[in-house]
file data.pdb (PDB, C-alpha atoms, pLDDT in the B column)
ATOM      1  CA  MET D  23      24.435 -81.414-241.602  1.00 44.00           C
ATOM      2  CA  ASP D  24      21.179 -80.233-240.048  1.00 42.00           C
ATOM      3  CA  LYS D  25      18.150 -82.476-240.311  1.00 41.00           C
ATOM      4  CA  VAL D  26      14.873 -80.968-241.455  1.00 37.00           C
ATOM      5  CA  ARG D  27      12.034 -82.257-239.333  1.00 35.00           C
ATOM      6  CA  GLU D  28       8.583 -82.500-240.784  1.00 35.00           C
ATOM      7  CA  PRO D  29       5.772 -81.730-238.380  1.00 34.00           C
ATOM      8  CA  ALA D  30       4.455 -84.981-236.966  1.00 36.00           C
ATOM      9  CA  VAL D  31       0.865 -83.772-236.927  1.00 41.00           C
ATOM     10  CA  SER D  32      -0.943 -81.100-238.870  1.00 45.00           C
ATOM     11  CA  GLN D  33      -3.205 -78.651-237.057  1.00 52.00           C
ATOM     12  CA  GLY D  34      -6.965 -78.337-237.429  1.00 52.00           C
ATOM     13  CA  ILE D  35     -10.034 -80.504-237.737  1.00 53.00           C
ATOM     14  CA  GLY D  36      -8.610 -82.459-240.659  1.00 54.00           C
ATOM     15  CA  ALA D  37      -5.545 -83.360-238.648  1.00 51.00           C
ATOM     16  CA  ILE D  38      -4.024 -86.815-238.644  1.00 65.00           C
ATOM     17  CA  MET D  39      -4.433 -86.937-234.887  1.00 76.00           C
ATOM     18  CA  LYS D  40      -6.426 -89.733-233.346  1.00 86.00           C
ATOM     19  CA  PRO D  41      -9.725 -88.375-232.007  1.00 91.00           C
ATOM     20  CA  TYR D  42     -10.665 -88.573-228.353  1.00 92.00           C
ATOM     21  CA  VAL D  43     -14.154 -89.779-227.523  1.00 94.00           C
ATOM     22  CA  PHE D  44     -15.633 -88.667-224.212  1.00 92.00           C
ATOM     23  CA  ARG D  45     -18.871 -90.277-223.076  1.00 96.00           C
ATOM     24  CA  SER D  46     -21.058 -89.284-220.146  1.00 94.00           C
ATOM     25  CA  VAL D  47     -24.155 -91.243-219.172  1.00 97.00           C
ATOM     26  CA  TRP D  48     -26.619 -89.946-216.618  1.00 97.00           C
ATOM     27  CA  CYS D  49     -29.678 -91.799-215.321  1.00 98.00           C
ATOM     28  CA  LEU D  50     -32.135 -89.285-213.890  1.00 98.00           C
ATOM     29  CA  ARG D  51     -35.475 -89.806-212.225  1.00 98.00           C
ATOM     30  CA  ALA D  52     -37.216 -87.101-214.237  1.00 98.00           C
ATOM     31  CA  PRO D  53     -39.443 -86.681-217.283  1.00 98.00           C
ATOM     32  CA  VAL D  54     -37.540 -86.398-220.567  1.00 98.00           C
ATOM     33  CA  ASP D  55     -39.070 -82.986-221.351  1.00 97.00           C
ATOM     34  CA  VAL D  56     -37.734 -81.532-218.086  1.00 97.00           C
ATOM     35  CA  VAL D  57     -34.259 -82.929-218.802  1.00 98.00           C
ATOM     36  CA  TRP D  58     -34.434 -81.633-222.384  1.00 96.00           C
ATOM     37  CA  ASP D  59     -35.253 -78.141-221.112  1.00 95.00           C
ATOM     38  CA  ALA D  60     -32.291 -78.182-218.713  1.00 96.00           C
ATOM     39  CA  ILE D  61     -29.860 -79.361-221.388  1.00 95.00           C
ATOM     40  CA  THR D  62     -31.016 -76.958-224.082  1.00 93.00           C
ATOM     41  CA  ASP D  63     -30.849 -74.042-221.610  1.00 93.00           C
ATOM     42  CA  SER D  64     -27.061 -74.174-221.438  1.00 94.00           C
ATOM     43  CA  LEU D  65     -26.758 -70.530-220.372  1.00 95.00           C
ATOM     44  CA  HIS D  66     -27.801 -71.795-216.918  1.00 97.00           C
ATOM     45  CA  TRP D  67     -25.478 -74.820-216.763  1.00 97.00           C
ATOM     46  CA  PRO D  68     -23.024 -73.101-214.383  1.00 97.00           C
ATOM     47  CA  GLU D  69     -25.819 -73.007-211.784  1.00 97.00           C
ATOM     48  CA  TRP D  70     -25.989 -76.807-211.541  1.00 94.00           C
ATOM     49  CA  TRP D  71     -23.063 -78.335-213.478  1.00 93.00           C
ATOM     50  CA  ARG D  72     -19.914 -78.078-211.390  1.00 91.00           C
ATOM     51  CA  GLY D  73     -17.484 -78.393-214.338  1.00 92.00           C
ATOM     52  CA  VAL D  74     -19.011 -75.527-216.312  1.00 95.00           C
ATOM     53  CA  ARG D  75     -17.527 -72.227-215.151  1.00 96.00           C
ATOM     54  CA  ARG D  76     -19.352 -69.933-217.572  1.00 97.00           C
ATOM     55  CA  VAL D  77     -21.455 -69.895-220.744  1.00 98.00           C
ATOM     56  CA  GLU D  78     -21.665 -66.869-223.018  1.00 97.00           C
ATOM     57  CA  GLU D  79     -23.967 -66.425-225.988  1.00 95.00           C
ATOM     58  CA  ILE D  80     -21.992 -65.390-229.086  1.00 95.00           C
ATOM     59  CA  GLU D  81     -24.799 -65.694-231.676  1.00 94.00           C
ATOM     60  CA  ALA D  82     -28.510 -66.074-230.926  1.00 91.00           C
ATOM     61  CA  GLU D  83     -30.402 -69.095-232.174  1.00 82.00           C
ATOM     62  CA  ARG D  84     -32.444 -69.030-235.328  1.00 82.00           C
ATOM     63  CA  PRO D  85     -36.069 -70.169-235.482  1.00 76.00           C
ATOM     64  CA  GLY D  86     -36.296 -73.830-234.520  1.00 69.00           C
ATOM     65  CA  GLY D  87     -33.528 -73.554-231.911  1.00 68.00           C
ATOM     66  CA  LEU D  88     -30.662 -74.133-234.324  1.00 79.00           C
ATOM     67  CA  GLY D  89     -27.543 -72.203-235.120  1.00 84.00           C
ATOM     68  CA  HIS D  90     -26.864 -70.578-231.780  1.00 89.00           C
ATOM     69  CA  LEU D  91     -23.198 -70.269-230.908  1.00 96.00           C
ATOM     70  CA  ARG D  92     -22.127 -70.307-227.271  1.00 96.00           C
ATOM     71  CA  ARG D  93     -18.726 -70.141-225.613  1.00 97.00           C
ATOM     72  CA  TYR D  94     -18.204 -72.564-222.728  1.00 97.00           C
ATOM     73  CA  GLU D  95     -15.499 -72.487-220.094  1.00 96.00           C
ATOM     74  CA  TRP D  96     -14.928 -75.966-218.626  1.00 92.00           C
ATOM     75  CA  ARG D  97     -12.809 -76.794-215.622  1.00 91.00           C
ATOM     76  CA  SER D  98     -12.224 -80.182-214.039  1.00 84.00           C
ATOM     77  CA  LEU D  99      -9.609 -81.553-211.677  1.00 84.00           C
ATOM     78  CA  LEU D 100      -6.911 -80.368-214.074  1.00 81.00           C
ATOM     79  CA  PRO D 101      -5.404 -77.011-213.086  1.00 83.00           C
ATOM     80  CA  TYR D 102      -6.579 -75.149-216.194  1.00 88.00           C
ATOM     81  CA  SER D 103      -9.756 -74.259-218.054  1.00 93.00           C
ATOM     82  CA  LEU D 104     -10.775 -75.153-221.603  1.00 92.00           C
ATOM     83  CA  LEU D 105     -12.666 -72.702-223.789  1.00 96.00           C
ATOM     84  CA  MET D 106     -14.865 -74.123-226.525  1.00 96.00           C
ATOM     85  CA  ASP D 107     -17.358 -72.575-228.928  1.00 97.00           C
ATOM     86  CA  ILE D 108     -20.262 -74.911-229.646  1.00 96.00           C
ATOM     87  CA  ARG D 109     -22.821 -74.336-232.391  1.00 96.00           C
ATOM     88  CA  SER D 110     -26.093 -76.279-232.443  1.00 94.00           C
ATOM     89  CA  THR D 111     -26.564 -78.007-235.790  1.00 94.00           C
ATOM     90  CA  GLU D 112     -29.460 -80.420-235.301  1.00 93.00           C
ATOM     91  CA  THR D 113     -32.243 -81.102-232.823  1.00 92.00           C
ATOM     92  CA  LEU D 114     -34.968 -83.698-232.721  1.00 93.00           C
ATOM     93  CA  TYR D 115     -37.209 -83.048-229.700  1.00 93.00           C
ATOM     94  CA  PRO D 116     -36.960 -84.699-227.176  1.00 95.00           C
ATOM     95  CA  GLU D 117     -34.284 -87.166-228.249  1.00 96.00           C
ATOM     96  CA  THR D 118     -31.298 -85.662-230.049  1.00 97.00           C
ATOM     97  CA  ILE D 119     -29.095 -82.573-230.001  1.00 95.00           C
ATOM     98  CA  LYS D 120     -25.992 -82.258-232.182  1.00 96.00           C
ATOM     99  CA  GLY D 121     -23.368 -79.559-232.439  1.00 96.00           C
ATOM    100  CA  THR D 122     -19.943 -78.630-233.715  1.00 97.00           C
ATOM    101  CA  ILE D 123     -17.086 -77.752-231.354  1.00 97.00           C
ATOM    102  CA  GLU D 124     -14.216 -75.326-231.974  1.00 97.00           C
ATOM    103  CA  GLY D 125     -11.572 -73.854-229.707  1.00 95.00           C
ATOM    104  CA  ALA D 126      -9.280 -75.758-227.338  1.00 92.00           C
ATOM    105  CA  LEU D 127     -10.925 -78.899-228.728  1.00 93.00           C
ATOM    106  CA  GLN D 128     -12.436 -79.370-232.192  1.00 95.00           C
ATOM    107  CA  GLY D 129     -15.048 -81.876-233.252  1.00 97.00           C
ATOM    108  CA  THR D 130     -18.664 -82.776-232.621  1.00 97.00           C
ATOM    109  CA  GLY D 131     -20.994 -83.287-229.684  1.00 97.00           C
ATOM    110  CA  PHE D 132     -24.109 -85.474-229.565  1.00 97.00           C
ATOM    111  CA  TRP D 133     -26.782 -85.666-226.846  1.00 97.00           C
ATOM    112  CA  HIS D 134     -29.231 -88.577-226.811  1.00 98.00           C
ATOM    113  CA  LEU D 135     -32.142 -88.716-224.348  1.00 98.00           C
ATOM    114  CA  HIS D 136     -34.336 -91.754-223.718  1.00 98.00           C
ATOM    115  CA  GLN D 137     -37.259 -92.187-221.317  1.00 98.00           C
ATOM    116  CA  ASP D 138     -37.856 -95.622-219.765  1.00 98.00           C
ATOM    117  CA  GLY D 139     -40.543 -95.488-217.093  1.00 98.00           C
ATOM    118  CA  ASP D 140     -39.653 -92.746-214.636  1.00 97.00           C
ATOM    119  CA  ILE D 141     -35.943 -92.789-215.628  1.00 98.00           C
ATOM    120  CA  CYS D 142     -34.511 -90.525-218.309  1.00 98.00           C
ATOM    121  CA  THR D 143     -31.147 -91.740-219.585  1.00 98.00           C
ATOM    122  CA  VAL D 144     -28.924 -89.060-221.055  1.00 98.00           C
ATOM    123  CA  GLN D 145     -25.849 -89.959-223.071  1.00 98.00           C
ATOM    124  CA  TYR D 146     -23.419 -87.289-224.245  1.00 96.00           C
ATOM    125  CA  ASP D 147     -20.668 -88.175-226.700  1.00 97.00           C
ATOM    126  CA  MET D 148     -17.981 -85.681-227.642  1.00 95.00           C
ATOM    127  CA  THR D 149     -15.542 -86.676-230.392  1.00 96.00           C
ATOM    128  CA  VAL D 150     -12.674 -84.199-230.588  1.00 95.00           C
ATOM    129  CA  VAL D 151      -9.062 -83.548-231.508  1.00 93.00           C
ATOM    130  CA  THR D 152      -6.818 -81.026-229.794  1.00 82.00           C
TER     131      THR D 152
END
call {"tool": "encode", "arguments": {"input": "data.pdb", "output": "structure tokens"}}
result
Amino acid sequence: MDKVREPAVSQGIGAIMKPYVFRSVWCLRAPVDVVWDAITDSLHWPEWWRGVRRVEEIEAERPGGLGHLRRYEWRSLLPYSLLMDIRSTETLYPETIKGTIEGALQGTGFWHLHQDGDICTVQYDMTVVT
């Protein structure tokens, strides 16, 4: 008699899968407004961020800098690239940027910037499922 196997995990953002949390922290000797400008100008990330292969604008931002949708191609030491579409959902200048992620990974991304003297600390948290 054949056994019927139920899928172990459903697909999609509501999946039962355990989320992965990736955190990057950078300490930069720069004013927070300069760092903010570099982060919000993600079309130019491939010029200075080694892991970002390309960024393509899918939908332009609305007034206030929200709602833009961009496709990112990421590549690390692994022998393949990941494509993700990220939509900006919230900004609070010059401290917070939030977005939703779809594609090879699904979830949310959160940037937090903090100035302390001449050091700007940037923390990026990405919480995703595959």
call {"tool": "closest_residue", "arguments": {"input": "data.pdb", "among": "D:Gly139, D:Pro53, D:Gly125, D:Pro41", "to": "D:Arg92", "atoms": "all atoms listed in the file"}}
result
D:Gly125
call {"tool": "resolve_selection", "arguments": {"input": "data.pdb", "expression": "the PyMOL selection byres ((chain D and resi 118) around 10)", "output": "number ranges by chain"}}
result
D: 58, 112-117, 119-120, 132-136, 144-146
call {"tool": "closest_residue", "arguments": {"input": "data.pdb", "among": "D:Leu65, D:Ile108, D:Ala126, D:Val74", "to": "D:Leu88", "atoms": "all atoms listed in the file"}}
result
D:Ile108
call {"tool": "closest_residue", "arguments": {"input": "data.pdb", "among": "D:Asp147, D:Asp107, D:Glu78, D:Asp138", "to": "D:Ser64", "atoms": "all atoms listed in the file"}}
result
D:Glu78
call {"tool": "resolve_selection", "arguments": {"input": "data.pdb", "expression": "the PyMOL selection byres ((chain D and resi 148) around 6)", "output": "short mmCIF file (atom, residue, chain, number, x, y, z; two decimals) with C-alpha atoms, in the frame of the given file"}}
result
data_model
loop_
_atom_site.label_atom_id
_atom_site.label_comp_id
_atom_site.auth_asym_id
_atom_site.auth_seq_id
_atom_site.Cartn_x
_atom_site.Cartn_y
_atom_site.Cartn_z
CA VAL D 43 -14.15 -89.78 -227.52
CA PHE D 44 -15.63 -88.67 -224.21
CA THR D 130 -18.66 -82.78 -232.62
CA GLY D 131 -20.99 -83.29 -229.68
CA ASP D 147 -20.67 -88.18 -226.70
CA THR D 149 -15.54 -86.68 -230.39
#
call {"tool": "resolve_selection", "arguments": {"input": "data.pdb", "expression": "the PyMOL selection byres ((chain D and resi 129) around 7)", "output": "PyMOL selection string"}}
result
chain D and resi 35+122-124+127-128+130+149-151
call {"tool": "closest_residue", "arguments": {"input": "data.pdb", "among": "D:Val57, D:Met106, D:Ala82, D:Leu50", "to": "D:Tyr94", "atoms": "only C-alpha atoms"}}
result
D:Met106
call {"tool": "closest_residue", "arguments": {"input": "data.pdb", "among": "D:Ile141, D:Leu91, D:Leu99, D:Ile80", "to": "D:Val56", "atoms": "only C-alpha atoms"}}
result
D:Ile141
call {"tool": "atom_distance", "arguments": {"input": "data.pdb", "atom1": "atom CA of D:Thr143", "atom2": "atom CA of D:Arg75"}}
result
24.2 Å
call {"tool": "closest_residue", "arguments": {"input": "data.pdb", "among": "D:Leu100, D:Pro85, D:Gly121, D:Cys49", "to": "D:Gly73", "atoms": "all atoms listed in the file"}}
result
D:Leu100
call {"tool": "atom_distance", "arguments": {"input": "data.pdb", "atom1": "atom CA of D:Trp71", "atom2": "atom CA of D:Trp96"}}
result
9.9 Å
call {"tool": "atom_distance", "arguments": {"input": "data.pdb", "atom1": "atom CA of D:Arg76", "atom2": "atom CA of D:Asp59"}}
result
18.2 Å
call {"tool": "axis_aligned_box", "arguments": {"input": "data.pdb", "around": "stretch 109-115 of chain D", "padding_each_side": "3 Å", "output": "JSON"}}
result
{"center_x": -30.0, "center_y": -79.0, "center_z": -232.7, "size_x": 20.4, "size_y": 15.4, "size_z": 12.1}
call {"tool": "residues_around", "arguments": {"input": "data.pdb", "residues": "D:Arg72", "least_positions_apart": "4", "cutoff": "10 Å", "atoms": "only C-alpha atoms", "output": "ChimeraX atom specification"}}
result
/D:67-68,96-98
